[in-house]
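A.B. asks: Here you go, entry12.cif (mmCIF, C-alpha atoms):
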```
data_input
loop_
_atom_site.label_atom_id
_atom_site.label_comp_id
_atom_site.auth_asym_id
_atom_site.auth_seq_id
_atom_site.Cartn_x
_atom_site.Cartn_y
_atom_site.Cartn_z
CA MET A 158 0.00 0.00 0.00
CA THR A 159 2.85 2.36 0.87
CA GLU A 160 4.46 1.76 -2.53
CA TYR A 161 1.26 2.85 -4.30
CA LEU A 162 1.07 5.98 -2.17
CA THR A 163 4.60 6.97 -3.14
CA ILE A 164 3.65 6.76 -6.83
CA ILE A 165 0.86 9.36 -6.46
CA PRO A 166 3.24 12.37 -5.99
CA GLU A 167 5.19 11.27 -9.08
CA LEU A 168 1.98 11.13 -11.12
CA LEU A 169 1.01 14.62 -9.97
CA LEU A 170 4.47 16.08 -10.54
CA SER A 171 4.55 14.63 -14.06
CA LEU A 172 1.13 16.16 -14.75
CA LEU A 173 2.36 19.50 -13.41
CA HIS A 174 5.35 19.23 -15.77
CA LEU A 175 3.01 18.84 -18.75
CA LEU A 176 0.86 21.78 -17.67
CA ILE A 177 3.92 24.02 -17.39
CA ILE A 178 5.18 23.01 -20.85
CA ARG A 179 1.70 23.64 -22.24
CA LYS A 180 1.72 27.09 -20.63
CA TYR A 181 5.07 27.99 -22.21
CA MET A 182 3.89 26.77 -25.60
CA LYS A 183 0.88 29.05 -25.37
CA VAL A 184 3.07 32.02 -24.43
CA PHE A 185 5.76 31.56 -27.10
CA LEU A 186 4.00 29.64 -29.88
CA GLY A 187 0.42 30.89 -29.59
CA PRO A 188 -2.91 29.06 -29.14
CA ALA A 189 -3.02 25.32 -29.69
CA ASN A 190 -4.84 23.37 -32.37
CA GLU A 191 -5.57 20.15 -30.47
CA ASN A 192 -6.18 16.91 -32.35
CA LEU A 193 -5.93 13.17 -31.83
CA LYS A 194 -2.26 13.09 -32.77
CA SER A 195 -1.38 15.75 -30.20
CA CYS A 196 -3.33 13.92 -27.48
CA ILE A 197 -1.38 10.72 -28.21
CA GLU A 198 1.92 12.61 -28.09
CA TRP A 199 0.98 14.30 -24.80
CA GLY A 200 0.15 10.83 -23.45
CA ILE A 201 3.53 9.43 -24.59
CA TYR A 202 5.31 12.37 -22.97
CA TYR A 203 3.39 11.79 -19.72
CA VAL A 204 4.36 8.10 -19.65
CA PHE A 205 7.97 9.05 -20.42
CA LEU A 206 8.05 11.43 -17.44
CA ILE A 207 6.39 8.96 -15.07
CA ILE A 208 8.82 6.15 -15.96
CA ASN A 209 11.80 8.42 -15.37
CA ASN A 210 10.43 9.88 -12.11
CA ILE A 211 9.71 6.45 -10.63
CA ASN A 212 12.69 4.40 -11.80
CA SER A 213 15.19 6.95 -13.24
CA ILE A 214 16.15 4.44 -15.92
CA PHE A 215 17.23 7.04 -18.49
CA PRO A 216 20.76 8.52 -18.40
CA PRO A 217 20.86 12.35 -18.30
CA HIS A 218 21.75 12.83 -21.97
CA LEU A 219 18.99 10.45 -23.13
CA LEU A 220 16.47 12.10 -20.80
CA LEU A 221 17.35 15.52 -22.21
CA PHE A 222 17.12 14.27 -25.80
CA GLY A 223 13.74 12.65 -25.07
CA ASN A 224 12.35 15.86 -23.59
CA VAL A 225 13.54 17.99 -26.50
CA LEU A 226 12.24 15.52 -29.10
CA LEU A 227 8.81 15.07 -27.49
CA ILE A 228 8.30 18.80 -26.95
CA TYR A 229 9.24 19.41 -30.59
CA MET A 230 6.80 16.73 -31.76
CA ILE A 231 3.97 18.13 -29.65
CA SER A 232 4.62 21.69 -30.83
CA SER A 233 4.65 20.43 -34.43
CA ALA A 234 1.27 18.73 -33.95
CA THR A 235 -0.42 21.64 -32.18
CA ARG A 236 1.11 24.80 -33.70
CA LYS A 237 1.59 26.00 -37.25
CA ARG A 238 5.02 27.47 -36.63
CA SER A 239 8.20 27.10 -38.64
CA VAL A 240 10.70 24.34 -37.97
CA LYS A 241 13.19 26.93 -36.70
CA GLN A 242 10.76 28.39 -34.17
CA ARG A 243 9.73 24.97 -32.86
CA CYS A 244 13.33 23.80 -32.66
CA ILE A 245 14.63 26.87 -30.83
CA PHE A 246 11.69 26.75 -28.41
CA SER A 247 12.22 23.06 -27.58
CA LEU A 248 15.94 23.49 -26.93
CA LEU A 249 15.62 26.71 -24.96
CA ILE A 250 12.81 25.54 -22.68
CA CYS A 251 14.70 22.32 -21.84
CA SER A 252 18.01 24.09 -21.26
CA VAL A 253 16.41 26.76 -19.05
CA TRP A 254 14.53 24.11 -17.07
CA MET A 255 17.73 22.11 -16.57
CA LEU A 256 19.56 25.21 -15.36
CA VAL A 257 16.78 25.99 -12.87
CA GLU A 258 16.87 22.42 -11.55
CA VAL A 259 20.64 22.48 -11.13
CA ILE A 260 20.57 25.83 -9.31
CA VAL A 261 17.84 24.62 -6.95
CA MET A 262 19.65 21.33 -6.31
CA MET A 263 22.93 23.05 -5.54
CA ILE A 264 21.25 25.48 -3.13
CA LEU A 265 19.52 22.62 -1.32
CA MET A 266 22.75 20.59 -1.29
CA SER A 267 24.61 23.48 0.33
CA MET A 268 21.91 23.55 3.03
CA GLY A 269 22.70 19.93 3.95
CA PHE A 270 19.62 18.07 2.68
CA ASP A 271 19.90 14.31 2.23
CA SER A 272 19.76 12.76 -1.24
CA ARG A 273 16.11 11.66 -1.10
CA THR A 274 14.88 15.03 0.16
CA LEU A 275 17.15 16.70 -2.36
CA GLN A 276 15.52 14.85 -5.24
CA ASP A 277 11.90 15.38 -4.13
CA ALA A 278 12.22 18.99 -2.96
CA GLY A 279 14.44 19.98 -5.89
CA SER A 280 11.98 18.60 -8.43
CA PHE A 281 9.02 20.34 -6.83
CA ILE A 282 10.73 23.70 -6.27
CA SER A 283 12.13 23.81 -9.81
CA LYS A 284 8.65 23.15 -11.21
CA MET A 285 7.20 25.92 -9.05
CA CYS A 286 9.87 28.32 -10.32
CA MET A 287 9.14 27.42 -13.95
CA LEU A 288 5.41 27.81 -13.34
CA LEU A 289 5.98 31.23 -11.81
CA PHE A 290 8.10 32.29 -14.79
CA SER A 291 5.41 31.12 -17.22
CA VAL A 292 2.70 33.08 -15.38
CA LEU A 293 4.82 36.24 -15.39
CA LEU A 294 5.64 35.85 -19.09
CA ASP A 295 1.99 35.26 -19.94
CA ARG A 296 1.07 38.36 -17.97
CA TYR A 297 3.52 40.71 -19.65
CA THR A 298 3.70 39.41 -23.22
CA LYS A 299 1.23 40.13 -25.99
CA GLU A 300 0.37 38.38 -29.22
CA LYS A 301 3.05 39.17 -31.80
CA GLN A 302 3.55 38.48 -35.48
CA TYR A 303 6.81 36.84 -36.52
CA ALA A 304 8.61 36.23 -39.79
CA GLU A 305 11.38 33.79 -40.67
CA ILE A 306 14.92 34.72 -39.65
CA SER A 307 17.97 33.69 -41.65
CA LEU A 308 19.52 30.26 -41.19
CA ARG A 309 22.81 31.77 -39.99
CA TYR A 310 21.19 33.66 -37.10
CA PHE A 311 19.07 30.63 -36.28
CA ILE A 312 22.17 28.41 -35.91
CA ILE A 313 23.91 31.05 -33.77
CA ALA A 314 20.89 31.28 -31.47
CA LEU A 315 20.72 27.49 -31.30
CA LEU A 316 24.33 27.19 -30.11
CA VAL A 317 23.63 29.07 -26.88
CA PRO A 318 21.22 26.61 -25.18
CA VAL A 319 23.23 23.63 -26.47
CA SER A 320 26.49 24.99 -25.03
CA SER A 321 24.69 25.96 -21.79
CA ILE A 322 23.52 22.36 -21.32
CA TYR A 323 27.03 21.04 -21.93
CA MET A 324 28.72 23.50 -19.56
CA MET A 325 26.17 23.17 -16.76
CA HIS A 326 26.33 19.39 -16.89
CA HIS A 327 30.09 19.41 -16.33
CA ILE A 328 29.89 22.17 -13.71
CA PHE A 329 27.37 20.09 -11.79
CA LEU A 330 29.64 17.03 -11.95
CA ILE A 331 32.57 19.06 -10.62
CA ALA A 332 30.48 20.54 -7.79
CA ALA A 333 29.15 17.09 -6.85
CA SER A 334 32.73 15.83 -6.39
CA HIS A 335 34.15 19.01 -4.82
CA SER A 336 31.85 20.79 -2.38
CA GLU A 337 34.00 23.96 -2.41
CA TYR A 338 32.69 24.67 -5.92
CA SER A 339 29.02 24.72 -4.82
CA PHE A 340 28.77 28.52 -4.79
CA PHE A 341 30.50 28.75 -8.16
CA SER A 342 28.05 26.24 -9.67
CA VAL A 343 25.04 28.24 -8.44
CA ALA A 344 26.52 31.51 -9.73
CA ALA A 345 27.38 29.91 -13.09
CA GLY A 346 23.87 28.47 -13.35
CA ILE A 347 22.29 31.88 -12.71
CA LEU A 348 24.53 33.52 -15.31
CA LEU A 349 23.73 30.85 -17.90
CA LEU A 350 20.05 31.21 -17.07
CA LEU A 351 20.28 34.95 -17.77
CA VAL A 352 22.11 34.27 -21.04
CA ASN A 353 19.34 31.93 -22.19
CA TYR A 354 16.71 34.51 -21.21
CA VAL A 355 18.55 37.07 -23.33
CA ILE A 356 18.51 34.60 -26.23
CA PHE A 357 14.73 34.26 -25.81
CA THR A 358 14.48 38.05 -26.06
CA VAL A 359 16.92 38.38 -28.96
CA TYR A 360 15.17 35.66 -30.98
CA ASP A 361 11.85 37.38 -30.30
CA ARG A 362 13.19 40.76 -31.48
CA MET A 363 14.79 39.24 -34.57
CA GLY A 364 11.47 37.67 -35.55
CA GLN A 365 9.68 41.00 -35.10
CA ALA A 366 12.35 42.83 -37.10
CA ALA A 367 12.05 40.32 -39.94
CA GLU A 368 8.26 40.76 -39.90
CA LEU A 369 8.65 44.56 -40.03
CA GLN A 370 11.03 44.32 -42.99
CA SER A 371 8.62 42.03 -44.78
CA ARG A 372 5.78 44.52 -44.32
CA ASN A 373 7.99 47.43 -45.45
CA ARG A 374 8.77 45.58 -48.67
CA LEU A 375 5.05 45.22 -49.34
#
```
Have the structure of the file written as structure tokens, please.
C.D. replies:
Amino acid sequence: MTEYLTIIPELLLSLLHLLIIRKYMKVFLGPANENLKSCIEWGIYYVFLIINNINSIFPPHLLLFGNVLLIYMISSATRKRSVKQRCIFSLLICSVWMLVEVIVMMILMSMGFDSRTLQDAGSFISKMCMLLFSVLLDRYTKEKQYAEISLRYFIIALLVPVSSIYMMHHIFLIAASHSEYSFFSVAAGILLLLVNYVIFTVYDRMGQAAELQSRNRL
């Protein structure tokens, strides 16, 4: 009976994860066009999250790849956005979420929490932070029109979240082995988080500028 009770929080946290992703998609990609395919993909993503939360069978790199791929597939099924916009959104949201989780974990680790509490509390707090960010973004952003940006700028923007994931992963490994680097890992995570936020803003402005140029040509 106790084993079943421990599964309930994991089910709820996985559902909260989906709701937060859905919120960010609405903010950055616009209203959804739900269909049977999207419902199936949401269901697959939910099962993917539950399996990882309960057993943690996926290595970090495979877990990250699965999140990016499933978010991209869902955004493709529910939004009529370009491949570039869906790709940059999927990578950025996963990299930002990973950075938030690492920062929260390092803060809790420095406070002396045990590993089990660290995992449960870190997962919940990071989700609350991402939910708060999504509410604030939804409150202060308005519907915008975007045009395609050039492939060169798209690749440059794509390199930032990818390099952030790589650097933060190794910083976390160093801090886990050497506790004296805990403060550095938190500071580095915050800086990388700010960099990814700036990339969100820059990509948004570039899309608006391209749309303005397109209208001026007309």
A.B. asks: Which residues, named as in the file, does the PyMOL selection byres ((chain A and resi 281-292) around 6) pick out? Answer as a VMD selection string.
C.D. replies: chain A and resid 177 181 257 to 258 278 to 280 293 to 295
A.B. asks: What does the distance from atom CA of A:Gly200 to atom CA of A:Val319 come to in Å, to one decimal?
C.D. replies: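 Distance reported for this atom pair: 26.6 Å.
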A.B. asks: Looking at all atoms listed in the file, which of A:Cys196, A:Leu221, A:Ala344, A:Val352 is the one that sits closest to A:Ile264?
C.D. replies: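 That would be A:Ala344, the residue with the smallest distance to A:Ile264.
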A.B. asks: Grab the atom CA of A:Leu369 to atom CA of A:Asn353 distance for me, in Å with one decimal place.
C.D. replies: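 Spanning atom CA of A:Leu369 to atom CA of A:Asn353 is a straight-line distance of 24.3 Å.
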A.B. asks: Selection in question (the file shown): the PyMOL selection byres ((chain A and resi 191-193) around 12). Which residues does it include, as a list in words?
C.D. replies: Arg179, Pro188, Ala189, Asn190, Lys194, Ser195, Cys196, Ile197, Glu198, Trp199, Gly200, Ile231, Ser232, Ser233, Ala234, Thr235, Arg236 and Lys237 of chain A
A.B. asks: So how many Å separate atom CA of A:Ile208 and atom CA of A:Lys183, to one decimal?
C.D. replies: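 So the answer is 26.0 Å.
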A.B. asks: Given the file above and the PyMOL selection byres ((chain A and resi 351) around 12), which residues are selected, and can you give them as JSON, numbers by chain?
C.D. replies: {"A": [249, 252, 253, 256, 257, 317, 318, 321, 344, 345, 346, 347, 348, 349, 350, 352, 353, 354, 355, 356, 357, 358]}
A.B. asks: Measuring atom to atom with only C-alpha atoms, identify which of A:Tyr323, A:Ser307, A:Leu248, A:Val261 is nearest to A:Asn224.
C.D. replies: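 Once distances to A:Asn224 are computed over only C-alpha atoms, the minimum belongs to A:Leu248.
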A.B. asks: Which is closer to A:Gly364 than all the others in A:Leu206, A:Ser342, A:Leu316, A:Gln242, using only C-alpha atoms?
C.D. replies: A:Gln242
A.B. asks: Given the choices A:Ile313, A:Met266, A:Leu169, A:Ile228, which gets closest to A:Glu337 if the distance is worked out from all atoms listed in the file?
C.D. replies: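 Among the listed residues, A:Met266 lies closest to A:Glu337.
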A.B. asks: May I ask which of the residues A:Leu265, A:Leu172, A:Val184, A:Cys251 is the closest one to A:Leu227, counting only C-alpha atoms?
C.D. replies: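 For A:Leu227, the nearest of the given residues is A:Cys251.
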